[in-house]
There are 2 protein chains.
Amino acid sequence: MKLQVAIDRVSLEYAAETAAKLDGIVDIVEFGTSLVKDYGLLNMTQTVKSLKHAQALIDIKTIDEGEYEFRKGYESGANILTVMGGSSVDTIKKVSQVAQEAGQEIFIDLMETDNQKMAEIANIPDAIYGIHHSKDNVSGFDAVATVEQFHKDFPDIKRISVAGGINLDTASRLAKQGIVESVIVGGGILKAEDPVKAAKTFMEAIG
Amino acid sequence: MKLQVAIDRVSLEYAAETAAKLDGIVDIVEFGTSLVKDYGLLNMTQTVKSLKHAQALIDIKTIDEGEYEFRKGYESGANILTVMGGSSVDTIKKVSQVAQEAGQEIFIDLMETDNQKMAEIANIPDAIYGIHHSKDNVSGFDAVATVEQFHKDFPDIKRISVAGGINLDTASRLAKQGIVESVIVGGGILKAEDPVKAAKTFMEAIG
């Protein structure tokens, strides 16, 4: 199981420093939506392209204008870009096509996507399906149980990721469960006193 | 009925020039999602705040982290910010609260929002509900008929807007219909040889 660390709601300068420190430790560095909306892709390109070891995911959260946003996102150095499961099916098909042309990857963020819509988008080639509990949603979230249920509902989907308040214990249990290919951690690492040390602890826990 | 003109998928420099030219002619200048994602809110602030007559809408398309994004968006000079109808209900309630605290407005983008979800978010105080046909959706869209149906389904909603390939004829028919408080035009004005002249023509057609 891979570890994806989300860098979000910080200055671009701090994001660049942190990304450089985590590169070579974690598998995927995520540049969060707040970096895109605060600073813009054009100002993130140098930082994103500076990664030497980790994959770069830009959490662009595309919901429309799929071709435009995905072309810009890959040009900015992303290996993986996110599209909302709540987008039109046409948007998701279009960004999948752009990803294939670019030789890069697509991550479908399933936040607030119901099973009916999910069934319509279950067969996007090579897509990573991201189970995602909204930060704003005040109800609780059991990542391990949700992943198990998703796997039962959609047994043909091979690439699954999960995000939403993941701590060390949950990450460890997800690794043992063996269903998801990656787990996304934000505050659990970025808000630690020493994010690099925290990232190493997570890597050991899931290794 | 008010005219909102969307400036999208252009350079920030061109967006600034165009916004200045349209200020005083149209009612609402929309700074499109591509400007946010390409350049970032921090680099748009000066342009957004330079409007003297028109209201400024930033199409930030919030889907999560509502409080963070809406605070940043209003700090950047927006009078109106957009949130996706497909967000969690908690996100929509949170941004509505931030809007009230800022004394500004909220626009709920209903793209791909089904009637069941719509019913859950139908009572957000003073929100503008935006009927929005996805640019990527390849099926057709009859704006006048869709507005009429929405008004029948949700008769208590007073503030309605509509977007999606609106041309001069459709804008004129929407004005006569008398249901929506604003109509959003993008390419019909921005792709005209003379956008200022086109904007004036639209204002006359709906006046």
# chains A, B, ... in the order shown; residues from 1 in each chain; ligands from 1
$ select_by_dssp --residues "chain B" --states "strand (DSSP E or B)" --output "PyMOL selection string"
chain B and resi 2-7+23+26+28-31+55-62+80-84+105-109+128-132+160-163+182-185
$ closest_atom_pairs --of "chain A" --to "chain B" --cutoff "9 Å" --atoms "only C-alpha atoms" --output "CSV"
residue,atom,partner,partner_atom,distance
A:Arg9,CA,B:Tyr68,CA,8.2
A:Ser34,CA,B:Glu69,CA,7.5
A:Leu35,CA,B:Gly40,CA,8.1
A:Val36,CA,B:Lys37,CA,5.5
A:Lys37,CA,B:Gly40,CA,4.9
A:Asp38,CA,B:Gly40,CA,4.5
A:Tyr39,CA,B:Gly40,CA,4.0
A:Gly40,CA,B:Gly40,CA,3.8
A:Leu41,CA,B:Asp38,CA,4.9
A:Leu42,CA,B:Asp38,CA,5.6
A:Asn43,CA,B:Tyr39,CA,7.1
A:Ile60,CA,B:Lys37,CA,7.7
A:Lys61,CA,B:Ile63,CA,8.3
A:Ile63,CA,B:Lys61,CA,8.3
A:Asp64,CA,B:Ser134,CA,6.2
A:Glu65,CA,B:Asp136,CA,6.1
A:Gly66,CA,B:Asp136,CA,7.1
A:Glu67,CA,B:Asp136,CA,8.6
A:Tyr68,CA,B:Arg9,CA,8.2
A:Glu69,CA,B:Ser34,CA,7.5
A:Lys72,CA,B:Asp38,CA,7.9
A:Gly86,CA,B:Gly86,CA,6.6
A:Ser87,CA,B:Glu112,CA,6.6
A:Ser88,CA,B:Asn137,CA,6.3
A:Val89,CA,B:Asn137,CA,7.7
A:Asp90,CA,B:Asn137,CA,5.4
A:Thr91,CA,B:Asp136,CA,5.3
A:Lys94,CA,B:Asp136,CA,8.0
A:Met111,CA,B:Ser87,CA,8.1
A:Glu112,CA,B:Ser88,CA,6.3
A:Thr113,CA,B:Gly86,CA,8.2
A:Ser134,CA,B:Asp64,CA,6.2
A:Lys135,CA,B:Glu65,CA,6.2
A:Asp136,CA,B:Thr91,CA,5.3
A:Asn137,CA,B:Asp90,CA,5.4
A:Val138,CA,B:Asp90,CA,7.0
$ closest_residue --among "A:Met203, A:Val95, A:Val5, A:Ile160" --to "A:Arg71" --atoms "only C-alpha atoms"
A:Val95
$ residues_around --residues "B:Lys2" --least-positions-apart "4" --cutoff "12 Å" --atoms "only C-alpha atoms" --output "number ranges by chain"
B: 25-29, 54-55, 159-162, 171-172, 174-175, 178-185, 199, 202-207
$ residues_around --residues "A:Thr82" --least-positions-apart "4" --cutoff "9 Å" --atoms "only C-alpha atoms" --output "list in words"
Leu57, Ile58, Asp59, Ile60, Lys61, Thr62, Phe70, Glu105, Ile106, Phe107, Ile108 and Asp109 of chain A
$ select_by_dssp --residues "stretch 51-202 of chain B" --states "helix (DSSP H, G or I)" --output "ChimeraX atom specification"
/B:66-75,89-102,115-120,143-153,168-177,187-190,195-202
$ write_last_selection --atoms "C-alpha atoms" --output "mmCIF file, in the first residue's frame"
data_model
loop_
_atom_site.group_PDB
_atom_site.id
_atom_site.type_symbol
_atom_site.label_atom_id
_atom_site.label_comp_id
_atom_site.auth_asym_id
_atom_site.auth_seq_id
_atom_site.Cartn_x
_atom_site.Cartn_y
_atom_site.Cartn_z
ATOM 1 C CA GLY B 66 -16.103 25.605 2.509
ATOM 2 C CA GLU B 67 -15.104 27.955 5.283
ATOM 3 C CA TYR B 68 -11.491 28.265 4.095
ATOM 4 C CA GLU B 69 -12.383 28.841 0.444
ATOM 5 C CA PHE B 70 -15.218 31.296 1.068
ATOM 6 C CA ARG B 71 -13.167 33.407 3.483
ATOM 7 C CA LYS B 72 -10.351 33.577 0.906
ATOM 8 C CA GLY B 73 -12.803 34.332 -1.883
ATOM 9 C CA TYR B 74 -14.480 37.261 -0.116
ATOM 10 C CA GLU B 75 -11.063 38.589 0.962
ATOM 11 C CA VAL B 89 -25.111 19.720 2.909
ATOM 12 C CA ASP B 90 -22.730 20.672 5.724
ATOM 13 C CA THR B 91 -20.423 22.435 3.239
ATOM 14 C CA ILE B 92 -23.318 24.440 1.810
ATOM 15 C CA LYS B 93 -24.580 25.438 5.258
ATOM 16 C CA LYS B 94 -21.070 26.483 6.273
ATOM 17 C CA VAL B 95 -20.446 28.711 3.241
ATOM 18 C CA SER B 96 -23.886 30.263 3.686
ATOM 19 C CA GLN B 97 -22.852 31.220 7.215
ATOM 20 C CA VAL B 98 -19.528 32.681 6.000
ATOM 21 C CA ALA B 99 -21.444 34.680 3.360
ATOM 22 C CA GLN B 100 -23.788 36.107 5.998
ATOM 23 C CA GLU B 101 -20.878 37.078 8.244
ATOM 24 C CA ALA B 102 -19.148 38.782 5.298
ATOM 25 C CA ASN B 115 -33.898 16.775 -7.430
ATOM 26 C CA GLN B 116 -33.457 14.645 -4.301
ATOM 27 C CA LYS B 117 -30.290 16.530 -3.315
ATOM 28 C CA MET B 118 -31.865 19.795 -4.463
ATOM 29 C CA ALA B 119 -34.732 19.280 -2.010
ATOM 30 C CA GLU B 120 -32.196 18.947 0.840
ATOM 31 C CA ALA B 143 -32.814 26.876 -20.838
ATOM 32 C CA VAL B 144 -36.363 28.314 -20.943
ATOM 33 C CA ALA B 145 -38.064 24.934 -20.459
ATOM 34 C CA THR B 146 -35.594 23.897 -17.738
ATOM 35 C CA VAL B 147 -36.206 27.123 -15.798
ATOM 36 C CA GLU B 148 -39.984 26.654 -16.074
ATOM 37 C CA GLN B 149 -39.738 23.080 -14.762
ATOM 38 C CA PHE B 150 -37.413 24.115 -11.897
ATOM 39 C CA HIS B 151 -39.832 26.863 -10.898
ATOM 40 C CA LYS B 152 -42.679 24.307 -10.841
ATOM 41 C CA ASP B 153 -40.610 21.851 -8.773
ATOM 42 C CA LEU B 168 -29.307 36.476 -27.623
ATOM 43 C CA ASP B 169 -32.599 34.811 -28.493
ATOM 44 C CA THR B 170 -32.613 32.633 -25.350
ATOM 45 C CA ALA B 171 -31.676 35.601 -23.147
ATOM 46 C CA SER B 172 -34.562 37.587 -24.593
ATOM 47 C CA ARG B 173 -37.028 34.744 -24.004
ATOM 48 C CA LEU B 174 -35.783 34.285 -20.415
ATOM 49 C CA ALA B 175 -36.371 38.000 -19.756
ATOM 50 C CA LYS B 176 -39.956 37.709 -21.074
ATOM 51 C CA GLN B 177 -40.502 34.545 -19.020
ATOM 52 C CA GLY B 187 -18.865 32.801 -25.242
ATOM 53 C CA GLY B 188 -21.881 34.682 -26.653
ATOM 54 C CA ILE B 189 -20.184 37.888 -25.488
ATOM 55 C CA LEU B 190 -16.505 37.072 -24.922
ATOM 56 C CA PRO B 195 -17.318 42.014 -26.567
ATOM 57 C CA VAL B 196 -18.387 45.474 -25.328
ATOM 58 C CA LYS B 197 -20.755 45.920 -28.277
ATOM 59 C CA ALA B 198 -22.066 42.374 -27.775
ATOM 60 C CA ALA B 199 -22.659 43.068 -24.067
ATOM 61 C CA LYS B 200 -24.641 46.208 -24.941
ATOM 62 C CA THR B 201 -26.723 44.225 -27.441
ATOM 63 C CA PHE B 202 -27.542 41.637 -24.746
#
$ residues_around --residues "A:Ala20" --least-positions-apart "6" --cutoff "9 Å" --atoms "only C-alpha atoms" --output "VMD selection string"
chain A and resid 47 50 to 52
$ write_last_selection --atoms "all heavy atoms" --output "CSV table (one decimal), in the first residue's frame"
chain,number,residue,atom,x,y,z
A,47,THR,N,7.5,24.0,-8.4
A,47,THR,CA,7.5,23.1,-7.2
A,47,THR,C,7.1,21.7,-7.6
A,47,THR,O,7.7,20.7,-7.2
A,47,THR,CB,6.5,23.7,-6.2
A,47,THR,OG1,7.0,25.0,-5.8
A,47,THR,CG2,6.5,22.8,-5.0
A,50,SER,N,9.7,19.7,-9.4
A,50,SER,CA,11.0,19.6,-8.7
A,50,SER,C,11.0,18.2,-8.0
A,50,SER,O,12.1,17.8,-7.6
A,50,SER,CB,11.2,20.7,-7.8
A,50,SER,OG,10.3,20.6,-6.7
A,51,LEU,N,9.9,17.5,-7.9
A,51,LEU,CA,10.0,16.2,-7.2
A,51,LEU,C,10.8,15.2,-8.1
A,51,LEU,O,10.7,15.1,-9.3
A,51,LEU,CB,8.5,15.6,-7.1
A,51,LEU,CG,7.6,16.3,-6.1
A,51,LEU,CD1,6.3,15.6,-6.1
A,51,LEU,CD2,8.2,16.4,-4.7
A,52,LYS,N,11.7,14.5,-7.4
A,52,LYS,CA,12.6,13.6,-8.1
A,52,LYS,C,12.2,12.1,-7.9
A,52,LYS,O,12.5,11.3,-8.7
A,52,LYS,CB,14.0,13.8,-7.6
A,52,LYS,CG,14.6,15.1,-8.1
A,52,LYS,CD,16.1,15.2,-7.6
A,52,LYS,CE,16.7,16.6,-8.1
A,52,LYS,NZ,16.0,17.7,-7.5
